[in-house]
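Student: Below you'll find the structure I mean.
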Amino acid sequence: MKEPLIVSGANYYIFLSAPIVLLTLSLTLWVFVPLPGFAYGVDNNYSFVVVFLFSALNTYAIILAGLSSNSRYSLIGGVRAIAQLISYEVPLSLSLLTLFCVQGSFNLSAFSVSRVLFFALALPSLVIFFISLLAETNRTPFDLPEAEAELVAGYNLEYSSILFSLFFLAEYSNILVAASLLSFLFFNSHFYISVIFFCLLIIAVRAILPRYTFVQMINLCWKTLFPLSLSLFFLTVIIIYLLNASLSSLYNVELYGALSHSVSVETQP
Amino acid sequence: MLLSFAGIFFLSMGGSTTILLAAVYAITILSLIVAIAFFTVLERKVLAAIQRRRGPNMVGQ
């Protein structure tokens, strides 16, 4: 279909604006993605918080798309998508908060992975982050928003032509953002190889895994990933507190927090 | 640090700098869209490669 079809009962402006808002938000995320060797984007002490703000705003565009379509199928699909996105936002942010707790700053460009403690804590949060990433970007084990068997097409049912392709541009842009953030945070020194590897892994997961049911998906989030990431976070806080206490009593230095800024200088070009 | 997009947000009135930053941002967006297009191609290729098998027309030969 070459022209966008607008349903008669749809709320015209909201219907038109939803995919545009979604694509704009996911392209805005790229402003904060650091590309080592080329650009560091917007760079301040809250860049990580702003990344999360923009990725959470995606939910509102999906609400707009689902509500304004004047179709029960898109409304139900939107509700399901929102439940999934909101649920997986929690382990995603908790697993990364663990890393930033070790780092001592929300600054993305000052991020460094040159510590033994970091790798011990990074592996579980890498797993949690990757699973939540698949859910956040609607990839296969969690692609309930577009499960054709149960719904007709999800929140993008009534969209056609360019408006529909905007949804998918936004989705794939989000996948690339997530892959490059993951590579930057966990495999800083081999950034570009890691981006390619994780893109291929995300694609391969689609071919390999079957789809979860909705109950399994919500249970995995709230009964497995959420307690895991929360306990990991508290464990990290306790370990860092104890390390700080013991080291400061021994050497009279404040290691994690103060040192992190002096170490992080080496990552900047 | 070669490029910084920060100026776009603060909309500094610095004439040529603002235009330069806008150009940089536009080029970035364009290359991103191209990257997304090639990512979908890559996805289709990988999915196809995973599904490859020796079909019934090839087995006896």
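By order of appearance in the structure tokens: chains A, B, ..., then residues from 1 within every chain, and ligands from 1 in the order shown.
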Can you pull out the residues contacting Trp30 of chain A? Cut-off 12 Å, using only C-alpha atoms, and skip same-chain residues under 6 positions away; I want them as a ChimeraX atom specification.

Tutor: /A:23-24,39-42,47,50-51,54-55,170,173-181 /B:5,25,28-29,31-33

Student: Enumerate the residues of segment 130-267 of chain A with a DSSP assignment of helix (DSSP H, G or I), computed from the backbone, and present them as a compact mmCIF listing (two decimals) with N, CA and C atoms, in the first residue's frame.

Tutor:
# COMPACT_ATOMS: atom_id res chain seq x y z
N PHE A 130 21.04 -8.37 28.78
CA PHE A 130 20.77 -8.88 27.43
C PHE A 130 19.35 -9.41 27.32
N ILE A 131 18.89 -10.12 28.35
CA ILE A 131 17.51 -10.65 28.31
C ILE A 131 16.51 -9.51 28.30
N SER A 132 16.74 -8.51 29.15
CA SER A 132 15.81 -7.38 29.19
C SER A 132 15.85 -6.57 27.91
N LEU A 133 17.02 -6.55 27.28
CA LEU A 133 17.17 -5.85 26.00
C LEU A 133 16.29 -6.49 24.94
N LEU A 134 16.29 -7.84 24.92
CA LEU A 134 15.44 -8.54 23.95
C LEU A 134 13.98 -8.20 24.19
N ALA A 135 13.60 -8.12 25.48
CA ALA A 135 12.20 -7.81 25.78
C ALA A 135 11.87 -6.36 25.45
N GLU A 136 12.80 -5.46 25.73
CA GLU A 136 12.54 -4.04 25.51
C GLU A 136 12.41 -3.72 24.03
N THR A 140 12.50 -11.82 19.63
CA THR A 140 11.68 -13.01 19.53
C THR A 140 11.22 -13.70 20.79
N PRO A 141 12.04 -14.06 21.75
CA PRO A 141 11.37 -14.78 22.84
C PRO A 141 10.28 -13.95 23.51
N PHE A 142 10.34 -12.65 23.32
CA PHE A 142 9.37 -11.76 23.96
C PHE A 142 8.58 -10.94 22.95
N LEU A 144 5.70 -10.67 21.98
CA LEU A 144 4.25 -10.74 22.13
C LEU A 144 3.51 -9.57 21.51
N PRO A 145 4.07 -8.33 21.53
CA PRO A 145 3.33 -7.23 20.90
C PRO A 145 2.99 -7.50 19.45
N GLU A 146 3.76 -8.34 18.77
CA GLU A 146 3.42 -8.61 17.38
C GLU A 146 3.18 -10.09 17.15
N GLY A 154 -1.03 -6.47 16.76
CA GLY A 154 -0.50 -5.64 17.81
C GLY A 154 -0.88 -4.18 17.63
N TYR A 155 -0.16 -3.30 18.31
CA TYR A 155 -0.55 -1.89 18.31
C TYR A 155 -0.42 -1.23 16.95
N ASN A 156 0.35 -1.84 16.02
CA ASN A 156 0.51 -1.22 14.71
C ASN A 156 -0.42 -1.81 13.66
N SER A 161 1.82 1.52 5.02
CA SER A 161 2.86 2.21 4.25
C SER A 161 3.91 2.88 5.12
N ILE A 162 4.13 4.18 4.93
CA ILE A 162 5.28 4.84 5.56
C ILE A 162 5.13 4.88 7.08
N LEU A 163 3.88 5.04 7.54
CA LEU A 163 3.68 5.09 8.99
C LEU A 163 4.07 3.76 9.64
N PHE A 164 3.74 2.68 8.95
CA PHE A 164 4.11 1.36 9.47
C PHE A 164 5.61 1.16 9.46
N SER A 165 6.25 1.63 8.37
CA SER A 165 7.69 1.42 8.31
C SER A 165 8.42 2.28 9.33
N LEU A 166 7.81 3.41 9.73
CA LEU A 166 8.43 4.22 10.79
C LEU A 166 8.52 3.42 12.09
N PHE A 167 7.48 2.64 12.39
CA PHE A 167 7.52 1.80 13.59
C PHE A 167 8.73 0.86 13.54
N PHE A 168 8.95 0.28 12.38
CA PHE A 168 10.02 -0.70 12.31
C PHE A 168 11.39 -0.06 12.24
N LEU A 169 11.46 1.13 11.63
CA LEU A 169 12.71 1.88 11.71
C LEU A 169 13.05 2.16 13.17
N ALA A 170 12.05 2.58 13.94
CA ALA A 170 12.28 2.89 15.36
C ALA A 170 12.72 1.64 16.11
N GLU A 171 12.09 0.52 15.80
CA GLU A 171 12.41 -0.70 16.51
C GLU A 171 13.86 -1.14 16.23
N TYR A 172 14.24 -1.09 14.96
CA TYR A 172 15.59 -1.52 14.62
C TYR A 172 16.63 -0.51 15.10
N SER A 173 16.27 0.75 15.10
CA SER A 173 17.16 1.75 15.68
C SER A 173 17.38 1.48 17.16
N ASN A 174 16.30 1.10 17.86
CA ASN A 174 16.43 0.78 19.28
C ASN A 174 17.33 -0.42 19.49
N ILE A 175 17.23 -1.41 18.60
CA ILE A 175 18.09 -2.59 18.72
C ILE A 175 19.55 -2.19 18.58
N LEU A 176 19.83 -1.33 17.59
CA LEU A 176 21.22 -0.91 17.38
C LEU A 176 21.72 -0.09 18.56
N VAL A 177 20.86 0.79 19.09
CA VAL A 177 21.25 1.57 20.27
C VAL A 177 21.57 0.65 21.43
N ALA A 178 20.69 -0.32 21.66
CA ALA A 178 20.89 -1.22 22.79
C ALA A 178 22.16 -2.04 22.61
N ALA A 179 22.40 -2.52 21.38
CA ALA A 179 23.61 -3.31 21.14
C ALA A 179 24.85 -2.48 21.36
N SER A 180 24.82 -1.22 20.90
CA SER A 180 26.04 -0.43 21.05
C SER A 180 26.23 0.04 22.49
N LEU A 181 25.12 0.30 23.22
CA LEU A 181 25.28 0.64 24.64
C LEU A 181 25.86 -0.54 25.40
N LEU A 182 25.32 -1.73 25.11
CA LEU A 182 25.81 -2.93 25.78
C LEU A 182 27.30 -3.13 25.49
N SER A 183 27.67 -2.97 24.22
CA SER A 183 29.08 -3.16 23.87
C SER A 183 29.95 -2.13 24.54
N PHE A 184 29.43 -0.89 24.62
CA PHE A 184 30.24 0.14 25.24
C PHE A 184 30.41 -0.11 26.72
N LEU A 185 29.35 -0.54 27.39
CA LEU A 185 29.43 -0.69 28.83
C LEU A 185 30.23 -1.92 29.24
N PHE A 186 30.07 -3.02 28.49
CA PHE A 186 30.66 -4.27 28.95
C PHE A 186 31.96 -4.62 28.22
N ASN A 188 34.30 -2.44 26.46
CA ASN A 188 34.68 -1.10 26.05
C ASN A 188 35.84 -1.10 25.05
N SER A 189 36.81 -1.98 25.27
CA SER A 189 38.03 -1.89 24.47
C SER A 189 37.87 -2.51 23.09
N HIS A 190 36.85 -3.37 22.91
CA HIS A 190 36.61 -3.96 21.59
C HIS A 190 35.23 -3.56 21.11
N PHE A 191 35.00 -2.26 21.04
CA PHE A 191 33.62 -1.77 20.86
C PHE A 191 33.00 -2.28 19.58
N TYR A 192 33.64 -2.06 18.43
CA TYR A 192 32.98 -2.31 17.14
C TYR A 192 32.81 -3.79 16.86
N ILE A 193 33.79 -4.60 17.23
CA ILE A 193 33.65 -6.05 17.10
C ILE A 193 32.48 -6.52 17.94
N SER A 194 32.39 -5.95 19.15
CA SER A 194 31.33 -6.36 20.07
C SER A 194 29.96 -5.96 19.56
N VAL A 195 29.86 -4.79 18.93
CA VAL A 195 28.57 -4.37 18.36
C VAL A 195 28.13 -5.36 17.29
N ILE A 196 29.05 -5.73 16.40
CA ILE A 196 28.70 -6.68 15.34
C ILE A 196 28.30 -8.02 15.94
N PHE A 197 29.06 -8.45 16.93
CA PHE A 197 28.76 -9.74 17.56
C PHE A 197 27.37 -9.72 18.18
N PHE A 198 27.04 -8.66 18.92
CA PHE A 198 25.74 -8.65 19.60
C PHE A 198 24.59 -8.46 18.63
N CYS A 199 24.82 -7.72 17.52
CA CYS A 199 23.78 -7.63 16.49
C CYS A 199 23.49 -9.00 15.92
N LEU A 200 24.56 -9.75 15.61
CA LEU A 200 24.37 -11.10 15.06
C LEU A 200 23.71 -12.02 16.09
N LEU A 201 24.07 -11.83 17.36
CA LEU A 201 23.48 -12.68 18.40
C LEU A 201 21.99 -12.40 18.53
N ILE A 202 21.63 -11.11 18.50
CA ILE A 202 20.22 -10.75 18.62
C ILE A 202 19.43 -11.31 17.44
N ILE A 203 20.03 -11.29 16.25
CA ILE A 203 19.36 -11.86 15.08
C ILE A 203 19.24 -13.37 15.22
N ALA A 204 20.33 -14.01 15.68
CA ALA A 204 20.33 -15.47 15.79
C ALA A 204 19.31 -15.95 16.82
N VAL A 205 19.16 -15.16 17.89
CA VAL A 205 18.18 -15.51 18.92
C VAL A 205 16.78 -15.59 18.31
N ARG A 206 16.51 -14.72 17.35
CA ARG A 206 15.21 -14.74 16.70
C ARG A 206 14.97 -16.05 15.95
N ALA A 207 16.04 -16.58 15.34
CA ALA A 207 15.88 -17.82 14.59
C ALA A 207 15.85 -19.03 15.50
N ILE A 208 16.44 -18.92 16.68
CA ILE A 208 16.65 -20.09 17.51
C ILE A 208 15.50 -20.32 18.49
N PHE A 214 2.38 -14.97 27.46
CA PHE A 214 2.40 -13.72 28.22
C PHE A 214 2.70 -13.97 29.70
N VAL A 215 2.08 -15.03 30.25
CA VAL A 215 2.29 -15.33 31.67
C VAL A 215 3.75 -15.69 31.94
N GLN A 216 4.32 -16.49 31.06
CA GLN A 216 5.73 -16.86 31.23
C GLN A 216 6.62 -15.63 31.18
N MET A 217 6.29 -14.72 30.27
CA MET A 217 7.10 -13.52 30.10
C MET A 217 7.06 -12.66 31.36
N ILE A 218 5.85 -12.43 31.89
CA ILE A 218 5.72 -11.61 33.10
C ILE A 218 6.36 -12.31 34.30
N ASN A 219 6.18 -13.64 34.39
CA ASN A 219 6.79 -14.38 35.49
C ASN A 219 8.31 -14.33 35.43
N LEU A 220 8.86 -14.47 34.24
CA LEU A 220 10.31 -14.40 34.10
C LEU A 220 10.83 -13.05 34.58
N CYS A 221 10.08 -12.01 34.27
CA CYS A 221 10.52 -10.68 34.69
C CYS A 221 10.43 -10.52 36.20
N TRP A 222 9.22 -10.74 36.76
CA TRP A 222 9.01 -10.33 38.16
C TRP A 222 9.43 -11.38 39.16
N LYS A 223 9.54 -12.67 38.73
CA LYS A 223 9.92 -13.70 39.69
C LYS A 223 11.38 -14.11 39.56
N THR A 224 11.99 -13.85 38.42
CA THR A 224 13.38 -14.26 38.24
C THR A 224 14.32 -13.07 38.09
N LEU A 225 14.09 -12.29 37.04
CA LEU A 225 15.06 -11.24 36.73
C LEU A 225 15.05 -10.12 37.76
N PHE A 226 13.84 -9.75 38.22
CA PHE A 226 13.78 -8.63 39.18
C PHE A 226 14.45 -8.96 40.50
N PRO A 227 14.16 -10.12 41.16
CA PRO A 227 14.89 -10.43 42.40
C PRO A 227 16.39 -10.59 42.16
N LEU A 228 16.75 -11.21 41.04
CA LEU A 228 18.18 -11.38 40.74
C LEU A 228 18.89 -10.05 40.65
N SER A 229 18.31 -9.15 39.84
CA SER A 229 19.01 -7.88 39.62
C SER A 229 19.00 -7.03 40.88
N LEU A 230 17.91 -7.11 41.65
CA LEU A 230 17.85 -6.33 42.88
C LEU A 230 18.88 -6.82 43.89
N SER A 231 18.99 -8.15 44.04
CA SER A 231 19.97 -8.68 44.99
C SER A 231 21.39 -8.40 44.51
N LEU A 232 21.58 -8.46 43.20
CA LEU A 232 22.90 -8.12 42.65
C LEU A 232 23.27 -6.68 42.96
N PHE A 233 22.28 -5.82 42.86
CA PHE A 233 22.52 -4.40 43.14
C PHE A 233 22.90 -4.18 44.59
N PHE A 234 22.14 -4.80 45.51
CA PHE A 234 22.45 -4.61 46.93
C PHE A 234 23.79 -5.24 47.29
N LEU A 235 24.07 -6.41 46.66
CA LEU A 235 25.36 -7.06 46.89
C LEU A 235 26.51 -6.14 46.47
N THR A 236 26.34 -5.50 45.32
CA THR A 236 27.37 -4.59 44.83
C THR A 236 27.58 -3.43 45.79
N VAL A 237 26.45 -2.87 46.25
CA VAL A 237 26.56 -1.73 47.18
C VAL A 237 27.31 -2.14 48.44
N ILE A 238 26.98 -3.33 48.96
CA ILE A 238 27.62 -3.78 50.19
C ILE A 238 29.11 -4.02 49.96
N ILE A 239 29.43 -4.69 48.82
CA ILE A 239 30.84 -4.97 48.53
C ILE A 239 31.63 -3.68 48.40
N ILE A 240 31.08 -2.73 47.71
CA ILE A 240 31.81 -1.47 47.51
C ILE A 240 31.97 -0.73 48.83
N TYR A 241 30.91 -0.77 49.65
CA TYR A 241 30.99 -0.11 50.96
C TYR A 241 32.09 -0.75 51.81
N LEU A 242 32.11 -2.10 51.84
CA LEU A 242 33.11 -2.79 52.65
C LEU A 242 34.52 -2.53 52.14
N LEU A 243 34.67 -2.57 50.79
CA LEU A 243 35.98 -2.30 50.20
C LEU A 243 36.46 -0.91 50.56
N ASN A 244 35.55 0.04 50.42
CA ASN A 244 35.90 1.41 50.75
C ASN A 244 36.32 1.53 52.21
N ALA A 245 35.53 0.88 53.09
CA ALA A 245 35.81 0.99 54.52
C ALA A 245 37.17 0.38 54.84
N SER A 246 37.43 -0.85 54.28
CA SER A 246 38.68 -1.51 54.61
C SER A 246 39.88 -0.78 54.00
N LEU A 247 39.72 -0.35 52.76
CA LEU A 247 40.85 0.31 52.11
C LEU A 247 41.15 1.66 52.74
N SER A 248 40.09 2.37 53.12
CA SER A 248 40.35 3.69 53.69
C SER A 248 40.97 3.57 55.08
N SER A 249 40.65 2.45 55.78
CA SER A 249 41.29 2.29 57.08
C SER A 249 42.75 1.87 56.91
N LEU A 250 43.03 1.12 55.82
CA LEU A 250 44.41 0.68 55.61
C LEU A 250 45.29 1.80 55.05
N TYR A 251 44.83 2.36 53.93
CA TYR A 251 45.70 3.28 53.20
C TYR A 251 45.25 4.73 53.28
N LEU A 255 38.65 4.57 47.50
CA LEU A 255 38.98 3.94 46.23
C LEU A 255 37.86 4.10 45.21
N TYR A 256 36.71 3.46 45.45
CA TYR A 256 35.67 3.47 44.43
C TYR A 256 34.85 4.74 44.54
N GLY A 257 34.83 5.46 43.49
CA GLY A 257 34.18 6.76 43.53
C GLY A 257 35.21 7.81 43.19
N ALA A 258 36.21 7.92 43.99
CA ALA A 258 37.24 8.93 43.73
C ALA A 258 38.19 8.46 42.65
N LEU A 259 38.66 7.20 42.80
CA LEU A 259 39.62 6.68 41.84
C LEU A 259 38.99 6.52 40.47
N SER A 260 37.69 6.23 40.45
CA SER A 260 37.04 5.93 39.18
C SER A 260 37.20 7.10 38.21
N HIS A 261 37.21 8.31 38.73
CA HIS A 261 37.33 9.45 37.82
C HIS A 261 38.75 9.58 37.28
N SER A 262 39.73 9.26 38.12
CA SER A 262 41.09 9.37 37.62
C SER A 262 41.41 8.24 36.65
N VAL A 263 40.81 7.07 36.88
CA VAL A 263 41.03 5.94 35.98
C VAL A 263 40.37 6.19 34.64
N SER A 264 39.20 6.84 34.71
CA SER A 264 38.38 6.94 33.52
C SER A 264 38.96 7.87 32.46
N VAL A 265 39.96 8.63 32.80
CA VAL A 265 40.52 9.58 31.85
C VAL A 265 41.06 8.87 30.61
N GLU A 266 41.55 7.61 30.82
CA GLU A 266 42.19 6.91 29.73
C GLU A 266 41.22 6.53 28.61
N THR A 267 39.90 6.49 28.91
CA THR A 267 38.95 6.10 27.88
C THR A 267 38.62 7.25 26.94

Student: Nearest to chain A: which of B:Gly60, B:Leu30, B:Glu43, B:Gly55 is it, counting only C-alpha atoms?

Tutor: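 Closest residue, counting only C-alpha atoms: B:Glu43.
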
Student: Using only C-alpha atoms, find the one residue out of A:Gly9, A:Phe52, A:Phe32, A:Ile62 that sits nearest to Ser74 of chain A.

Tutor: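 Nearest candidate to Ser74 of chain A out of A:Gly9, A:Phe52, A:Phe32, A:Ile62: A:Ile62.
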
Student: Taking into account only C-alpha atoms, which residue in the set A:Leu35, A:Leu64, A:Ile86, A:Leu75 is nearest to chain B?

Tutor: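 Comparing A:Leu35, A:Leu64, A:Ile86, A:Leu75 against chain B, the winner is A:Leu35.
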
Student: With distances taken over only C-alpha atoms, which of B:Ile19, B:Val46, B:Val41, B:Ile27 is nearest to chain A?

Tutor: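 Of B:Ile19, B:Val46, B:Val41, B:Ile27, the one nearest chain A, counting only C-alpha atoms, is B:Val46.
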
Student: Would you compute the distance between atom CA of Ser125 of chain A and atom CA of Leu209 of chain A? Give it in Å to one decimal.

Tutor: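 Between these atoms lies a distance of 21.2 Å.
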
Student: Quick one: pull the distance between atom CA of Leu121 of chain A and atom CA of Ser95 of chain A, Å, one decimal.

Tutor: 9.7 Å

Student: What is the atom CA of Ala65 of chain A-atom CA of Gln84 of chain A distance in Å, reported with one decimal?

Tutor: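 We find that atom CA of Ala65 of chain A and atom CA of Gln84 of chain A lie 15.8 Å from each other.
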
Student: Which of these, A:Leu16, A:Asn11, A:Val31, A:Tyr88, has the shortest distance to Ala26 of chain B once you count only C-alpha atoms?

Tutor: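 Comparing A:Leu16, A:Asn11, A:Val31, A:Tyr88 against Ala26 of chain B, the winner is A:Val31.
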
Student: Using only C-alpha atoms, can you tell me which of B:Ala49, B:Ile36, B:Ala22, B:Met58 comes closest to chain A?

Tutor: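 The answer is B:Ile36, which sits nearest to chain A.
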